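What's in final.txt: compact mmCIF, C-alpha atoms
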```
# COMPACT_ATOMS: atom_id res chain seq x y z
CA MET X 212 -90.61 57.97 31.16
CA ASP X 213 -88.13 58.93 33.84
CA PHE X 214 -84.93 59.95 32.06
CA GLY X 215 -82.86 59.24 35.16
CA ILE X 216 -81.09 62.60 35.18
CA ALA X 217 -82.80 64.35 38.10
CA GLY X 218 -80.16 66.05 40.22
CA LYS X 219 -77.67 66.32 37.36
CA THR X 220 -76.39 69.77 36.42
CA ALA X 221 -76.47 71.23 32.92
CA LEU X 222 -74.97 74.21 31.14
CA VAL X 223 -77.34 75.42 28.44
CA CYS X 224 -76.12 78.13 26.08
CA GLY X 225 -78.26 80.64 24.22
CA ALA X 226 -81.04 79.75 26.62
CA SER X 227 -82.99 83.00 26.95
CA LYS X 228 -85.32 82.05 24.07
CA GLY X 229 -85.84 79.75 21.15
CA LEU X 230 -84.28 76.30 20.97
CA GLY X 231 -81.89 76.94 23.85
CA PHE X 232 -84.78 77.85 26.12
CA GLY X 233 -86.78 74.86 24.94
CA SER X 234 -83.86 72.60 25.83
CA ALA X 235 -83.41 74.18 29.27
CA LEU X 236 -87.15 73.84 29.90
CA ALA X 237 -87.19 70.13 29.10
CA LEU X 238 -84.16 69.51 31.32
CA VAL X 239 -85.62 71.44 34.26
CA GLN X 240 -88.83 69.44 33.91
CA GLU X 241 -86.68 66.31 34.28
CA GLY X 242 -85.29 67.64 37.56
CA VAL X 243 -81.97 68.86 36.17
CA ASN X 244 -80.24 71.90 37.69
CA VAL X 245 -79.40 74.38 34.95
CA VAL X 246 -77.01 77.24 34.39
CA ILE X 247 -78.42 79.24 31.50
CA VAL X 248 -76.28 81.60 29.49
CA ALA X 249 -77.23 84.34 27.04
CA ARG X 250 -76.06 87.83 26.22
CA GLY X 251 -79.25 89.72 27.11
CA ALA X 252 -79.63 89.97 30.89
CA GLU X 253 -83.27 91.03 30.86
CA ALA X 254 -84.43 88.24 28.57
CA LEU X 255 -82.31 85.76 30.52
CA GLU X 256 -83.86 86.66 33.84
CA ALA X 257 -87.33 86.41 32.32
CA ALA X 258 -86.42 82.94 31.04
CA ALA X 259 -85.24 81.93 34.51
CA VAL X 260 -88.58 82.91 36.01
CA LYS X 261 -90.37 80.69 33.49
CA LEU X 262 -88.02 77.80 34.15
CA LEU X 263 -88.47 78.03 37.90
CA ALA X 264 -92.23 78.01 37.44
CA ALA X 265 -92.05 74.88 35.27
CA ARG X 266 -89.49 72.86 37.23
CA ALA X 267 -90.18 69.37 38.48
CA GLY X 268 -91.93 68.98 41.79
CA GLY X 269 -90.89 66.86 44.73
CA SER X 270 -88.93 67.44 47.87
CA ALA X 271 -86.90 70.60 48.35
CA ALA X 272 -83.72 68.55 47.99
CA ALA X 273 -84.87 67.24 44.61
CA THR X 274 -86.16 70.54 43.27
CA PRO X 275 -83.79 71.79 40.57
CA TRP X 276 -82.20 75.19 40.75
CA VAL X 277 -81.70 77.70 37.95
CA LYS X 278 -78.77 80.09 37.72
CA THR X 279 -78.17 82.75 35.08
CA VAL X 280 -75.03 84.08 33.45
CA ALA X 281 -75.47 87.14 31.23
CA ALA X 282 -72.43 86.75 28.99
CA ASP X 283 -71.31 86.00 25.47
CA ILE X 284 -70.39 82.31 25.54
CA THR X 285 -68.42 82.72 22.31
CA THR X 286 -65.77 84.70 24.18
CA GLU X 287 -63.16 83.45 26.62
CA ALA X 288 -64.49 85.86 29.26
CA GLY X 289 -68.03 84.61 28.76
CA ARG X 290 -67.00 80.99 29.22
CA ALA X 291 -65.01 81.91 32.33
CA ALA X 292 -68.10 83.61 33.76
CA ALA X 293 -70.19 80.49 33.19
CA PHE X 294 -67.66 78.18 34.83
CA ALA X 295 -67.28 80.58 37.75
CA VAL X 296 -70.93 79.92 38.61
CA HIS X 297 -70.56 76.14 38.38
CA SER X 298 -67.67 74.05 37.12
CA ASP X 299 -68.60 70.36 37.13
CA PHE X 300 -71.31 69.92 34.53
CA ASP X 301 -72.92 66.56 33.76
CA ILE X 302 -74.70 67.92 30.69
CA VAL X 303 -73.65 70.62 28.24
CA VAL X 304 -75.91 71.97 25.51
CA THR X 305 -73.88 74.16 23.18
CA ASN X 306 -75.76 76.75 21.19
CA ALA X 307 -74.83 80.07 19.65
CA GLY X 308 -76.68 82.35 17.29
CA GLY X 309 -75.93 81.53 13.70
CA PRO X 310 -74.05 83.95 11.47
CA PRO X 311 -76.09 86.28 9.27
CA PRO X 312 -77.38 85.16 5.89
CA GLY X 313 -76.01 86.70 2.75
CA ASP X 314 -73.96 86.28 -0.40
CA PHE X 315 -70.55 84.63 -0.02
CA ARG X 316 -69.06 87.32 -2.24
CA ASP X 317 -69.70 89.85 0.50
CA TRP X 318 -68.02 87.92 3.34
CA ASP X 319 -64.48 88.87 4.22
CA ARG X 320 -61.99 86.98 6.38
CA GLU X 321 -63.30 88.63 9.54
CA ALA X 322 -66.82 87.36 8.85
CA TRP X 323 -65.54 83.82 8.36
CA ILE X 324 -63.38 83.89 11.49
CA LYS X 325 -66.31 85.18 13.55
CA ALA X 326 -68.55 82.38 12.25
CA VAL X 327 -65.97 79.68 12.92
CA ASP X 328 -65.22 81.08 16.37
CA ALA X 329 -68.87 81.09 17.42
CA ASN X 330 -70.20 77.95 15.76
CA MET X 331 -67.18 75.65 15.73
CA LEU X 332 -64.47 76.71 18.16
CA THR X 333 -66.77 77.71 21.03
CA PRO X 334 -68.45 74.28 21.23
CA ILE X 335 -65.01 72.66 21.01
CA GLU X 336 -63.78 74.78 23.93
CA LEU X 337 -66.83 73.80 25.99
CA ILE X 338 -66.31 70.14 25.17
CA LYS X 339 -62.63 70.37 26.08
CA ALA X 340 -63.46 72.03 29.40
CA THR X 341 -65.99 69.42 30.53
CA VAL X 342 -65.50 65.93 29.07
CA ASP X 343 -62.66 64.79 31.31
CA GLY X 344 -64.63 65.63 34.44
CA MET X 345 -67.64 63.83 33.00
CA ALA X 346 -65.51 60.78 32.24
CA ALA X 347 -64.07 60.74 35.75
CA ARG X 348 -67.62 60.70 37.17
CA GLY X 349 -68.79 58.05 34.70
CA PHE X 350 -71.54 60.09 33.07
CA GLY X 351 -71.67 62.92 30.57
CA ARG X 352 -73.92 64.22 27.83
CA ILE X 353 -72.98 66.87 25.30
CA VAL X 354 -75.53 68.02 22.74
CA ASN X 355 -74.48 70.55 20.13
CA ILE X 356 -77.36 72.45 18.58
CA THR X 357 -76.23 72.88 14.98
CA SER X 358 -78.46 73.07 11.89
CA SER X 359 -80.16 70.97 9.25
CA SER X 360 -78.00 72.93 6.80
CA VAL X 361 -75.17 70.55 7.74
CA LYS X 362 -77.04 67.85 5.77
CA ALA X 363 -78.87 70.05 3.28
CA PRO X 364 -76.93 73.32 2.77
CA ILE X 365 -78.85 76.56 2.37
CA ASP X 366 -77.16 78.91 -0.07
CA ILE X 367 -77.65 82.13 1.89
CA LEU X 368 -76.33 80.47 5.07
CA GLY X 369 -72.86 79.72 3.75
CA LEU X 370 -71.14 80.95 6.91
CA SER X 371 -73.23 78.59 8.99
CA ASN X 372 -72.88 75.71 6.52
CA GLY X 373 -69.11 75.93 6.71
CA ALA X 374 -68.57 76.53 10.42
CA ARG X 375 -71.08 73.96 11.62
CA SER X 376 -69.77 71.34 9.19
CA GLY X 377 -66.34 71.83 10.76
CA LEU X 378 -67.82 71.12 14.20
CA THR X 379 -69.59 68.06 12.83
CA GLY X 380 -66.31 66.63 11.58
CA PHE X 381 -64.61 67.28 14.92
CA VAL X 382 -67.41 65.61 16.90
CA ALA X 383 -67.35 62.57 14.60
CA GLY X 384 -63.81 61.91 15.79
CA VAL X 385 -63.83 62.86 19.47
CA ALA X 386 -67.12 61.08 20.21
CA ARG X 387 -65.51 57.79 19.23
CA THR X 388 -62.49 58.04 21.52
CA SER X 389 -62.10 56.38 24.93
CA LEU X 390 -64.59 58.90 26.32
CA ALA X 391 -67.44 56.75 25.02
CA ALA X 392 -66.51 53.80 27.24
CA LYS X 393 -66.53 56.10 30.25
CA GLY X 394 -70.18 57.06 29.85
CA VAL X 395 -69.74 60.27 27.87
CA THR X 396 -71.77 60.80 24.72
CA ILE X 397 -71.45 63.66 22.24
CA ASN X 398 -74.17 64.21 19.68
CA ASN X 399 -75.33 66.95 17.35
CA LEU X 400 -78.99 67.97 17.19
CA LEU X 401 -79.87 69.46 13.80
CA PRO X 402 -82.96 71.68 13.77
CA GLY X 403 -84.82 72.31 10.57
CA ALA X 404 -87.44 75.04 10.39
CA PHE X 405 -88.46 75.87 13.95
CA ASP X 406 -90.57 78.91 14.75
CA THR X 407 -87.81 81.07 16.24
CA ASP X 408 -86.30 84.50 15.69
CA ARG X 409 -83.53 82.83 13.69
CA LEU X 410 -86.04 81.45 11.19
CA LYS X 411 -87.70 84.84 10.88
CA GLY X 412 -84.31 86.40 10.15
CA THR X 413 -83.51 83.81 7.51
CA MET X 414 -86.82 84.37 5.76
CA ALA X 415 -86.27 88.11 5.89
CA GLY X 416 -82.91 87.54 4.20
CA THR X 417 -84.56 85.45 1.50
CA ALA X 418 -87.18 88.16 0.96
CA LYS X 419 -84.48 90.78 0.57
CA LYS X 420 -82.51 88.65 -1.87
CA THR X 421 -85.45 87.55 -4.02
CA GLY X 422 -87.89 90.44 -3.65
CA GLN X 423 -90.66 88.06 -2.60
CA ASP X 424 -93.25 88.84 0.04
CA ILE X 425 -92.21 87.37 3.39
CA ASP X 426 -95.68 85.90 4.03
CA ALA X 427 -95.46 84.07 0.73
CA ILE X 428 -92.03 82.76 1.67
CA ARG X 429 -93.34 81.55 5.02
CA ALA X 430 -96.28 79.76 3.41
CA ALA X 431 -94.01 78.13 0.82
CA ARG X 432 -91.57 76.95 3.50
CA GLN X 433 -94.36 75.35 5.51
CA LYS X 434 -95.84 73.72 2.42
CA ALA X 435 -92.48 72.14 1.61
CA ILE X 436 -92.35 70.41 5.01
CA PRO X 437 -94.18 67.08 5.09
CA ALA X 438 -95.40 67.88 8.62
CA GLY X 439 -97.07 70.99 7.13
CA ARG X 440 -95.80 73.33 9.84
CA PHE X 441 -92.77 74.72 11.60
CA GLY X 442 -91.52 73.01 14.73
CA ASN X 443 -91.76 74.56 18.18
CA PRO X 444 -89.01 74.93 20.78
CA GLU X 445 -90.75 72.67 23.31
CA GLU X 446 -90.69 69.61 21.06
CA PHE X 447 -87.09 70.35 20.13
CA GLY X 448 -86.23 70.52 23.83
CA ALA X 449 -87.84 67.13 24.40
CA ILE X 450 -85.48 65.57 21.85
CA CYS X 451 -82.54 67.28 23.49
CA ALA X 452 -83.56 66.00 26.92
CA PHE X 453 -83.81 62.46 25.59
CA LEU X 454 -80.28 62.66 24.17
CA CYS X 455 -79.19 63.70 27.67
CA SER X 456 -81.00 60.81 29.34
CA MET X 457 -79.68 57.60 30.82
CA GLN X 458 -81.66 55.74 28.15
CA ALA X 459 -79.65 57.43 25.38
CA GLY X 460 -76.31 56.10 26.60
CA TYR X 461 -75.88 54.04 23.43
CA VAL X 462 -76.53 57.00 21.11
CA ASN X 463 -73.17 58.60 20.40
CA GLY X 464 -71.48 60.56 17.64
CA GLN X 465 -74.76 61.03 15.80
CA ASN X 466 -76.37 63.86 13.86
CA VAL X 467 -80.02 63.82 14.90
CA LEU X 468 -82.16 65.64 12.36
CA ALA X 469 -85.41 67.26 13.53
CA ASP X 470 -87.02 68.86 10.50
CA GLY X 471 -90.56 67.51 10.09
CA GLY X 472 -89.42 65.24 7.27
CA ALA X 473 -88.10 68.05 5.06
CA TYR X 474 -84.75 66.44 4.24
CA PRO X 475 -85.33 64.57 0.96
CA GLY X 476 -82.55 61.99 1.27
CA THR X 477 -82.68 58.35 2.28
CA TYR X 478 -79.64 58.56 4.59
```

Could I get this file's structure written as C-alpha cells?
Amino acid sequence: MDFGIAGKTALVCGASKGLGFGSALALVQEGVNVVIVARGAEALEAAAVKLLAARAGGSAAATPWVKTVAADITTEAGRAAAFAVHSDFDIVVTNAGGPPPGDFRDWDREAWIKAVDANMLTPIELIKATVDGMAARGFGRIVNITSSSVKAPIDILGLSNGARSGLTGFVAGVARTSLAAKGVTINNLLPGAFDTDRLKGTMAGTAKKTGQDIDAIRAARQKAIPAGRFGNPEEFGAICAFLCSMQAGYVNGQNVLADGGAYPGTY
C-alpha cells in the first residue's frame, strides 16, 4: 500500500535506535524526508547511514533525504537546534527516553519535574510549534510514542506512568479541536514489551528489586504475552508510519496499543 506521504518531511525524536529508529526507518521507506534527533552524535550518524541505505528508490527528486541533529530534544536549546535544520514539518514523532524505574519513596521533586518535562511538556512544546503550520497546509500527523503503562501501570515505572498520563490527557483535548477539520491528527502510540534497551533496563530494575535472575524475568515476561515474544522496532515503525499516512486521516485522538495482546482488558 502506498501511504501517500512520499515527499513529506518528518521530525523523529530519539531516532538513533529502538522505537524511534524503527519509526524513522518506516517513514524513509515510504519516501519521507526525515530529521532525526538524538543526544549521541555517533549513534545518530550510524543510524543515518542505515536510513539512507534503506530509503525508497525512484528518481533523484523523489529520493528522501536524512538530516541529523545531535541534541537533547527535551531542552529548549535542543528543540531550537532541530527547527534550525528544518522548520515546516508535516509529520512529528515525539519520543524521549523514559525516566528510570524505582520506588516512588525515593523520588524527590526534581525527579518528578524532570520526568514531566521530558515525557509531557516536551511533546506539548513540539505540538505547539508545528500544528498551526500543518493546519495551514492542510495536512499534519503527530504521533507521540508513550507507553503501554498508560493503560496498565507498572509499579516501578511510576514516573513514566504519571508524566505520560498527563500527556495523554492533554492530547485527548487538543486532538479534538478545530485542528482535526484542517487535516491534522494527533495520536499516541503505546508500546508494550519491545526488544529495546529500555526494556532491558526495566528488567534489570525488576531484577534488582526482587532479587530474581534477569533471564528468568525475561522468560516470564515473554510467556505472559499472548504473542509469545517481544516486539521488534521494525513492526512498531510500520504502525507509526500507518498513523502518519493519508489513509489514517480519520484516526485521531487515539491511544493505539501495540503489546502483542498483553493488556488483559476488554477496552

Within 9 Å of segment 439-445 of chain X, counting all atoms listed in the file, which residues qualify if same-chain residues fewer than 6 places away don't, as a ChimeraX atom specification?
-> /X:228-234,236-237,402-407,432-433,469-471

Looking at all atoms listed in the file, which of X:Gln423, X:Asn399, X:Thr286, X:Ser456 is the one that sits closest to Leu378 of chain X?
-> X:Asn399

Point-to-point distance from atom CA of Phe350 of chain X to atom CA of Phe214 of chain X, Å rounded to tenths =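 Atom-to-atom, atom CA of Phe350 of chain X to atom CA of Phe214 of chain X, that is 13.4 Å.
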
Pick the closest to Ala473 of chain X from X:Arg290, X:Lys411, X:Lys261, X:Lys362: which is it, counting all atoms listed in the file?
->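 Closest to Ala473 of chain X, using all atoms listed in the file: X:Lys362.
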
Extract, using all atoms listed in the file, all DNA, RNA and protein residues at most 9 Å from Cys224 of chain X, discarding same-chain residues fewer than 4 positions from it, and format them as an MDAnalysis selection string.
-> chainID X and resid 231:232 235 246:249 284 303:307

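Using all atoms listed in the file, the shortest contact distance between Phe447 of chain X and any of X:Ala391, X:Asp213, X:Gly412, X:Val467 is found at X:Val467.
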
Nearest candidate to Val245 of chain X (options X:Ser227, X:Ser376, X:Asn466, X:Thr279; using only C-alpha atoms) = X:Thr279

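Between atom CA of Ser389 of chain X and atom CA of Leu337 of chain X the interatomic distance comes to 18.1 Å.
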
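For the atom pair formed by atom CA of Ile302 of chain X and atom CA of Gly351 of chain X, the distance is 5.8 Å, given to one decimal.
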
Please provide the set of residues having any atom within 6 Å of segment 452-455 of chain X, restricted to all atoms listed in the file, with same-chain residues fewer than 2 positions apart removed, written as a compact mmCIF listing (two decimals) with C-alpha atoms, keeping the file's coordinate frame.
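Output file result-v4.txt is given in full below:
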```txt
# COMPACT_ATOMS: atom_id res chain seq x y z
CA ALA X 237 -87.19 70.13 29.10
CA LEU X 238 -84.16 69.51 31.32
CA ARG X 352 -73.92 64.22 27.83
CA ALA X 449 -87.84 67.13 24.40
CA ILE X 450 -85.48 65.57 21.85
CA ALA X 459 -79.65 57.43 25.38
```

Within 9 Å of Asn398 of chain X using all atoms listed in the file, minus same-chain residues under 3 positions, as a PyMOL selection string | chain X and resi 352-356+382-383+386+454+462-467

Output for the residues just chosen: C-alpha atoms as a PDB file, keeping the file's coordinate frame:
```
ATOM      1  CA  ARG X 352     -73.920  64.220  27.830  1.00  0.00           C
ATOM      2  CA  ILE X 353     -72.980  66.870  25.300  1.00  0.00           C
ATOM      3  CA  VAL X 354     -75.530  68.020  22.740  1.00  0.00           C
ATOM      4  CA  ASN X 355     -74.480  70.550  20.130  1.00  0.00           C
ATOM      5  CA  ILE X 356     -77.360  72.450  18.580  1.00  0.00           C
ATOM      6  CA  VAL X 382     -67.410  65.610  16.900  1.00  0.00           C
ATOM      7  CA  ALA X 383     -67.350  62.570  14.600  1.00  0.00           C
ATOM      8  CA  ALA X 386     -67.120  61.080  20.210  1.00  0.00           C
ATOM      9  CA  LEU X 454     -80.280  62.660  24.170  1.00  0.00           C
ATOM     10  CA  VAL X 462     -76.530  57.000  21.110  1.00  0.00           C
ATOM     11  CA  ASN X 463     -73.170  58.600  20.400  1.00  0.00           C
ATOM     12  CA  GLY X 464     -71.480  60.560  17.640  1.00  0.00           C
ATOM     13  CA  GLN X 465     -74.760  61.030  15.800  1.00  0.00           C
ATOM     14  CA  ASN X 466     -76.370  63.860  13.860  1.00  0.00           C
ATOM     15  CA  VAL X 467     -80.020  63.820  14.900  1.00  0.00           C
TER      16      VAL X 467
END
```

Which residues come within 10 Å of Asp301 of chain X, counting all atoms listed in the file, excluding same-chain residues fewer than 5 positions away, as an MDAnalysis selection string?
-> chainID X and resid 216 218:222 243:244 341:342 344:346 348:353 395 455
